[in-house]
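Working notes, structure below.
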Amino acid sequence: MAEELNLHTLKPGAPRKDRKRIGRGLGSGKGRYSGRGIKGQKSRSGSHKMRAGFEGGQMPIYMRIGKLRGSTSKDAMPVGPFRTHTVHVNIRDLERFAAGEEVTPESLVEKGLLKNTKIDVKLLGSGEISTKLTIRVHAISASAREKIEQAGGTIELLREPKERKVRHHAAKPEAAEAPEEQTDDAADEAPEPEA
């Protein structure tokens, strides 16, 4: 008959094994260098706590490769340049909505066009649309706005569009005018150098 299971009869499923006790003398089999070899970085204490991407002091790959300019986020650099802070949806994908329906980030998730609503949604104008929809998104391109309004739809932005800063370049200073050549009269009046 199997032993009744109680708190005082609990046992581990497998027999426990004592940990290896290193550095306890030459006779123990794990003395002297304690399984770490002779010298070097990995023989020192704390050597196994190196940060991710550490290459032993060699210039790491993320510093060796070139960086690209563009709309990038810190976690995208240097891989994945030109990453923006919006997720794009084209108007051709809105055909799965019935006429008169409301298009919001939540409804786009329900239709399977987005994974979640954590990132702002921008509507782009690729494709055509014929249904009349009420659209509420964070940003929209000019071509998408034009096509939706032609189809009779309405647009409402969930976030105010950012005003682009216009850079004013300072005008270059005009080149200094060359000094006028001395006239013959002025040259005659100039005193001759003493010998």
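Chain labels follow the order of the structure tokens: the first chain is A, the next B, and so on; residue numbering restarts at 1 in every chain, and ligands are counted from 1 in their shown order.
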task = Once DSSP has gone over the backbone, tell me which residues of range 93-176 of chain A are in alpha helix (DSSP H), as a ChimeraX atom specification.
result = /A:105-110,142-150
inquiry  = Need the shell around range 124-140 of chain A: protein/DNA/RNA residues with any atom at most 9 Å away, counting only C-alpha atoms. Skip same-chain ones fewer than 3 positions apart. Format as an MDAnalysis selection string?
reply    = chainID A and resid 86 88:95 97:105 120:121 143:161
Okay, now the selection with C-alpha atoms, as a CSV table (one decimal), in the first residue's frame?
chain,number,residue,atom,x,y,z
A,86,THR,CA,3.6,55.3,-35.4
A,88,HIS,CA,1.0,52.5,-40.5
A,89,VAL,CA,-2.4,51.4,-41.9
A,90,ASN,CA,-3.2,51.9,-45.6
A,91,ILE,CA,-6.7,52.8,-46.7
A,92,ARG,CA,-6.9,49.7,-48.9
A,93,ASP,CA,-7.1,47.7,-45.6
A,94,LEU,CA,-10.2,49.6,-44.6
A,95,GLU,CA,-12.4,47.7,-47.1
A,97,PHE,CA,-15.2,47.8,-42.6
A,98,ALA,CA,-18.9,48.2,-43.6
A,99,ALA,CA,-20.2,51.6,-44.7
A,100,GLY,CA,-21.0,53.9,-41.8
A,101,GLU,CA,-18.7,52.1,-39.3
A,102,GLU,CA,-16.3,53.8,-37.1
A,103,VAL,CA,-12.6,53.2,-37.5
A,104,THR,CA,-10.6,53.5,-34.3
A,105,PRO,CA,-7.4,51.9,-33.0
A,120,ASP,CA,-0.1,55.7,-32.4
A,121,VAL,CA,-1.8,54.9,-35.7
A,143,SER,CA,-3.4,61.7,-49.9
A,144,ALA,CA,-5.4,59.5,-47.4
A,145,ARG,CA,-7.4,62.5,-46.2
A,146,GLU,CA,-8.3,63.5,-49.8
A,147,LYS,CA,-9.5,59.9,-50.7
A,148,ILE,CA,-11.6,59.5,-47.6
A,149,GLU,CA,-13.3,62.9,-48.0
A,150,GLN,CA,-14.0,62.0,-51.7
A,151,ALA,CA,-15.7,58.9,-50.5
A,152,GLY,CA,-17.8,60.9,-48.1
A,153,GLY,CA,-16.1,59.9,-44.9
A,154,THR,CA,-15.1,62.1,-42.0
A,155,ILE,CA,-11.8,62.3,-40.2
A,156,GLU,CA,-11.1,63.1,-36.5
A,157,LEU,CA,-7.5,63.2,-35.2
A,158,LEU,CA,-6.9,61.8,-31.7
A,159,ARG,CA,-3.8,63.9,-31.3
A,160,GLU,CA,-2.9,67.4,-32.5
A,161,PRO,CA,-0.4,67.3,-35.4
query = What is the distance between CA of Gly46 in chain A and CA of Gly25 in chain A, in Å to one decimal?
reply =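 These two atoms are separated by 22.1 Å.
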Excluding Asn116 in chain A and residues on its chain fewer than 4 positions from it, collect all residues at most 9 Å away from it, counting only C-alpha atoms, and give them as a tab-separated table (two decimals) with all heavy atoms, in the first residue's frame.
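Dumped to selection.tsv:
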chain	number	residue	atom	x	y	z
A	105	PRO	N	-8.45	52.88	-33.28
A	105	PRO	CA	-7.39	51.91	-33.00
A	105	PRO	C	-7.93	50.60	-32.42
A	105	PRO	O	-7.45	49.52	-32.74
A	105	PRO	CB	-6.49	52.65	-32.00
A	105	PRO	CG	-6.68	54.09	-32.33
A	105	PRO	CD	-8.11	54.21	-32.75
A	106	GLU	N	-8.98	50.69	-31.57
A	106	GLU	CA	-9.55	49.48	-30.97
A	106	GLU	C	-10.22	48.61	-32.03
A	106	GLU	O	-10.08	47.38	-32.02
A	106	GLU	CB	-10.57	49.86	-29.89
A	106	GLU	CG	-9.95	50.48	-28.64
A	106	GLU	CD	-9.57	51.94	-28.82
A	106	GLU	OE1	-10.02	52.58	-29.80
A	106	GLU	OE2	-8.78	52.43	-27.99
A	108	LEU	N	-9.48	48.55	-35.19
A	108	LEU	CA	-8.44	48.00	-36.06
A	108	LEU	C	-7.82	46.75	-35.43
A	108	LEU	O	-7.44	45.82	-36.14
A	108	LEU	CB	-7.36	49.05	-36.31
A	108	LEU	CG	-7.76	50.24	-37.19
A	108	LEU	CD1	-6.71	51.33	-37.14
A	108	LEU	CD2	-7.98	49.80	-38.63
A	109	VAL	N	-7.73	46.73	-34.10
A	109	VAL	CA	-7.23	45.54	-33.41
A	109	VAL	C	-8.23	44.39	-33.56
A	109	VAL	O	-7.85	43.24	-33.82
A	109	VAL	CB	-6.97	45.84	-31.92
A	109	VAL	CG1	-6.65	44.57	-31.16
A	109	VAL	CG2	-5.83	46.83	-31.77
ask   = Interatomic distance between CA of Ser141 in chain A and CA of Lys122 in chain A?
value =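 Computing it gives 7.5 Å between the two atoms.
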DSSP-assigned strand (DSSP E or B) among range 5-192 of chain A, expressed as a VMD selection string = chain A and resid 86 to 90 102 to 103 120 to 124 134 to 137 139 to 140 154 to 157
Extract, using only C-alpha atoms, all DNA, RNA and protein residues at most 12 Å from Lys20 in chain A, discarding same-chain residues fewer than 6 positions from it, and format them as a PDB file with C-alpha atoms, in the first residue's frame.
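Once everything was written out, this is out34.pdb:
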ATOM      1  CA  SER A  28      40.050  17.305  -2.653  1.00  0.00           C
ATOM      2  CA  GLY A  29      40.471  17.143  -6.442  1.00  0.00           C
ATOM      3  CA  LYS A  30      39.234  20.727  -6.838  1.00  0.00           C
ATOM      4  CA  GLY A  31      41.944  22.663  -5.050  1.00  0.00           C
ATOM      5  CA  SER A  34      39.512  25.503  -8.309  1.00  0.00           C
ATOM      6  CA  GLY A  35      38.659  24.530 -11.864  1.00  0.00           C
TER       7      GLY A  35
END
